[in-house]
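K.L.:
Sharing a structure below in structure tokens format, with a few things to ask.
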Amino acid sequence: MTSAVPSRIRIEVLGPFALTVNGRSVAPTAGKPRTVLALLSTRHGRAVPAATLIRELWSGRPPASAAATLQTYIFQLRRTLRGAGLSSRLISTVRGGYRLELPPEAVDVHEYQSLAALGDRAAALGAHEDAARLLREALRLWRGPGALLDVERGPALEPEAQRLELSRSALTERRIDAELAIGRHAELLGELAALTVQDPMNERHCAQQMVALYRCGRRLDALTTFQRLRNGMAAELSVEPGPALRELHRAVIDSVPALDRFTVPLQLLPR
């Protein structure tokens with residue numbers, strides 16, 4: 001990979017797609033070149049076959065001129081890079097395809113994943129304060145409700161965007177675990193109320209809300225939260241909450257002392 005790429009370049013996919021140099025946007029605005037650059041960005045440092053790019057651009061129904069048109073888009077992107085003072089060699093031609101030659105740190109997803117891994121490691125070591133801080137930093141990299149929001153997503157980009165969005169949801173759950181472990185239950189009440197409205201069948205958010213409410217002295221509200229989810233699951237899915245959430249419900253009824261020990265790992269929360 002080219003090591004001479006200037007650190008001033010930044011590619012962001014966690015929200016609207018962006019390519020900036022010294023804070024100035026240089027991303028193409030035309031739809032298909034933008035899609036090509038977005039797909040190369042999500043696989044930076046790895047070759048993307050021309051066939052994959054063609055499927056992405058034309059959803060499996062390419063015109064006869066697809067290969068030549070793709071080459072035109074690559075030419076336009078290289079010209080855009082040169083116009084921003086960058087090397088056109090950032091997009092290299094490899095056997096059967098193309099590769100975006102960027103160091104990982106130039107792409108927001110790499111920073112996001114690195115912070116998430118550090119946060120998870122801190123949580124595993126019981127350093128919940130550090131875990132909460134690192135996971136908050138990772139989540140702050142998101143600039144919108146989804147990934148690649150302003151890019152036409154086809155058979156390659158759509159699964160990638162969905163993967164990133166699922167990762168964000170899971171990371172939010174782990175960040176709330178860390179916040180609960182250091183006693184920030186009162187600060188979490190508003191966020192958890194919103195999350196359980198957005199996803200009323202999410203057992204983990206329900207469990208987190210129950211713990212937060214219980215620790216705020218609102219035991220009846222914690223039990224009501226469980227019952228609301230239970231009623232919803234029965235009505236819409238004809239199922240009961242899982243055993244971990246039922247165990248937590250019983251712990252709230254019995255006022256189990258472990259629920260008050262902030263630094264104790266929350267074994268009672270369903271995963």
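Ordering of the structure tokens sets the chain letters (A, B, ...); residue numbers start at 1 within each chain; ligands are numbered from 1 in the order shown.
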Could you write out, as JSON, numbers by chain, all the residues of range 78-228 of chain A that DSSP marks as strand (DSSP E)?

P.N.:
{"A": [91, 92, 93, 94, 97, 98, 99, 100]}

K.L.:
May I have a table of the residues of range 72-128 of chain A lying at most 9 Å from range 169-174 of chain A, giving each one's closest pair of atoms and their distance in Å to one decimal, counting only C-alpha atoms, ordered by chain and ascending residue number, as JSON lines?

P.N.:
{"residue": "A:Ala116", "atom": "CA", "partner": "A:Leu171", "partner_atom": "CA", "distance": 7.4}
{"residue": "A:Asp120", "atom": "CA", "partner": "A:Arg174", "partner_atom": "CA", "distance": 8.0}
{"residue": "A:Ala123", "atom": "CA", "partner": "A:Arg174", "partner_atom": "CA", "distance": 8.8}

K.L.:
Find the spatial neighbours of range 94-99 of chain A, counting only C-alpha atoms, within a cut-off of 12 Å - ignore same-chain residues fewer than 2 positions away - and output them as a count of residues only.

P.N.:
36

K.L.:
List every residue of range 36-201 of chain A that DSSP, applied to the backbone of this structure, assigns to alpha helix (DSSP H), and report them as a PyMOL selection string.

P.N.:
chain A and resi 36-42+50-58+66-83+108-124+128-140+157-181+185-198

K.L.:
Quote the spacing between CA of Gln113 in chain A and CA of Ala131 in chain A in Å to one decimal place.

P.N.:
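Between these atoms lies a distance of 13.6 Å.
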
K.L.:
For Ala212 in chain A, which of A:Asp260, A:Glu240, A:Glu165, A:Asp254 is the closest residue, counting only C-alpha atoms?

P.N.:
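Under the stated criterion, the closest residue is A:Asp260.
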
K.L.:
Using only C-alpha atoms, determine which residues lie at most 8 Å from range 146-162 of chain A, disregarding the query and same-chain residues fewer than 3 positions distant; provide the list as a VMD selection string.

P.N.:
chain A and resid 13 to 17 31 to 32 34 to 35 38 to 39 42 52 55 to 57 59 142 165 to 166

K.L.:
Would you pick out the contacts of Gly232 in chain A at 10 Å or less, using only C-alpha atoms, so that residues sharing its chain but fewer than 6 positions from it are not included, and give the list as a ChimeraX atom specification?

P.N.:
/A:200-201,226,238-241

K.L.:
Excluding Tyr214 in chain A and any residue of its chain fewer than 5 positions from it, enumerate the residues within 10 Å of it, using only C-alpha atoms, and give them as a PyMOL selection string.

P.N.:
chain A and resi 185+208-209+219-223+252+255+259-260

K.L.:
Quick one: of A:Gly60, A:Pro145, A:Pro28, A:Gly119, who's nearest to Arg79 in chain A, counting only C-alpha atoms?

P.N.:
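Selected residue with least distance to Arg79 in chain A: A:Pro28.
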
K.L.:
Just want the 12 Å neighbourhood of Val21 in chain A, counted on only C-alpha atoms, with same-chain residues fewer than 6 positions away dropped. Output as a ChimeraX atom specification.

P.N.:
/A:5-12,27,80-86,106

K.L.:
Would you put the residues from that selection into a file with N, CA and C atoms, as an mmCIF file, in the first residue's frame?

P.N.:
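Written out: again32.cif:
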data_model
loop_
_atom_site.group_PDB
_atom_site.id
_atom_site.type_symbol
_atom_site.label_atom_id
_atom_site.label_comp_id
_atom_site.auth_asym_id
_atom_site.auth_seq_id
_atom_site.Cartn_x
_atom_site.Cartn_y
_atom_site.Cartn_z
ATOM 1 N N VAL A 5 0.601 8.683 1.094
ATOM 2 C CA VAL A 5 -0.686 9.356 1.076
ATOM 3 C C VAL A 5 -0.714 10.392 2.189
ATOM 4 N N PRO A 6 -1.041 11.644 1.904
ATOM 5 C CA PRO A 6 -1.032 12.667 2.937
ATOM 6 C C PRO A 6 -2.109 12.414 3.980
ATOM 7 N N SER A 7 -1.808 12.735 5.235
ATOM 8 C CA SER A 7 -2.742 12.481 6.318
ATOM 9 C C SER A 7 -3.961 13.392 6.235
ATOM 10 N N ARG A 8 -3.913 14.423 5.394
ATOM 11 C CA ARG A 8 -5.029 15.358 5.306
ATOM 12 C C ARG A 8 -6.220 14.788 4.575
ATOM 13 N N ILE A 9 -6.087 13.642 3.953
ATOM 14 C CA ILE A 9 -7.227 13.030 3.273
ATOM 15 C C ILE A 9 -8.063 12.262 4.288
ATOM 16 N N ARG A 10 -9.391 12.328 4.114
ATOM 17 C CA ARG A 10 -10.298 11.642 5.025
ATOM 18 C C ARG A 10 -11.486 11.132 4.236
ATOM 19 N N ILE A 11 -11.801 9.858 4.434
ATOM 20 C CA ILE A 11 -12.989 9.261 3.824
ATOM 21 C C ILE A 11 -13.919 8.823 4.950
ATOM 22 N N GLU A 12 -15.189 9.186 4.810
ATOM 23 C CA GLU A 12 -16.181 8.876 5.835
ATOM 24 C C GLU A 12 -17.366 8.167 5.206
ATOM 25 N N ALA A 27 -15.504 14.970 -2.924
ATOM 26 C CA ALA A 27 -16.194 13.771 -3.411
ATOM 27 C C ALA A 27 -17.010 14.104 -4.644
ATOM 28 N N THR A 80 -10.390 13.856 -10.381
ATOM 29 C CA THR A 80 -10.843 14.548 -9.171
ATOM 30 C C THR A 80 -9.748 14.566 -8.109
ATOM 31 N N LEU A 81 -9.063 13.437 -7.960
ATOM 32 C CA LEU A 81 -7.974 13.368 -6.977
ATOM 33 C C LEU A 81 -6.843 14.320 -7.350
ATOM 34 N N ARG A 82 -6.478 14.339 -8.628
ATOM 35 C CA ARG A 82 -5.425 15.260 -9.071
ATOM 36 C C ARG A 82 -5.833 16.712 -8.830
ATOM 37 N N GLY A 83 -7.102 17.009 -9.074
ATOM 38 C CA GLY A 83 -7.584 18.372 -8.864
ATOM 39 C C GLY A 83 -7.543 18.798 -7.407
ATOM 40 N N ALA A 84 -7.562 17.811 -6.499
ATOM 41 C CA ALA A 84 -7.483 18.111 -5.056
ATOM 42 C C ALA A 84 -6.046 18.088 -4.555
ATOM 43 N N GLY A 85 -5.092 17.945 -5.480
ATOM 44 C CA GLY A 85 -3.693 17.934 -5.084
ATOM 45 C C GLY A 85 -3.191 16.579 -4.637
ATOM 46 N N LEU A 86 -3.945 15.532 -4.934
ATOM 47 C CA LEU A 86 -3.562 14.183 -4.544
ATOM 48 C C LEU A 86 -3.054 13.421 -5.761
ATOM 49 N N ALA A 106 -7.029 6.721 7.418
ATOM 50 C CA ALA A 106 -7.686 7.772 6.629
ATOM 51 C C ALA A 106 -9.190 7.520 6.497
#

K.L.:
For Arg163 in chain A, which of A:Val109, A:Val197, A:Ala138, A:Ala18 is the closest residue, counting only C-alpha atoms?

P.N.:
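For Arg163 in chain A, the nearest of the given residues is A:Val109.
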
K.L.:
Can you work out which one of A:Ala124, A:Pro104, A:Leu188, A:Arg175 has the shortest atom-to-atom distance to Glu137 in chain A, counting only C-alpha atoms?

P.N.:
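Of the candidates, the smallest distance to Glu137 in chain A is held by A:Arg175.
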
K.L.:
For Leu141 in chain A, which residue out of A:Gly183, A:Leu115, A:Thr72, A:Asp108 is the nearest one, using only C-alpha atoms?

P.N.:
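Counting only C-alpha atoms, the residue closest to Leu141 in chain A is A:Asp108.
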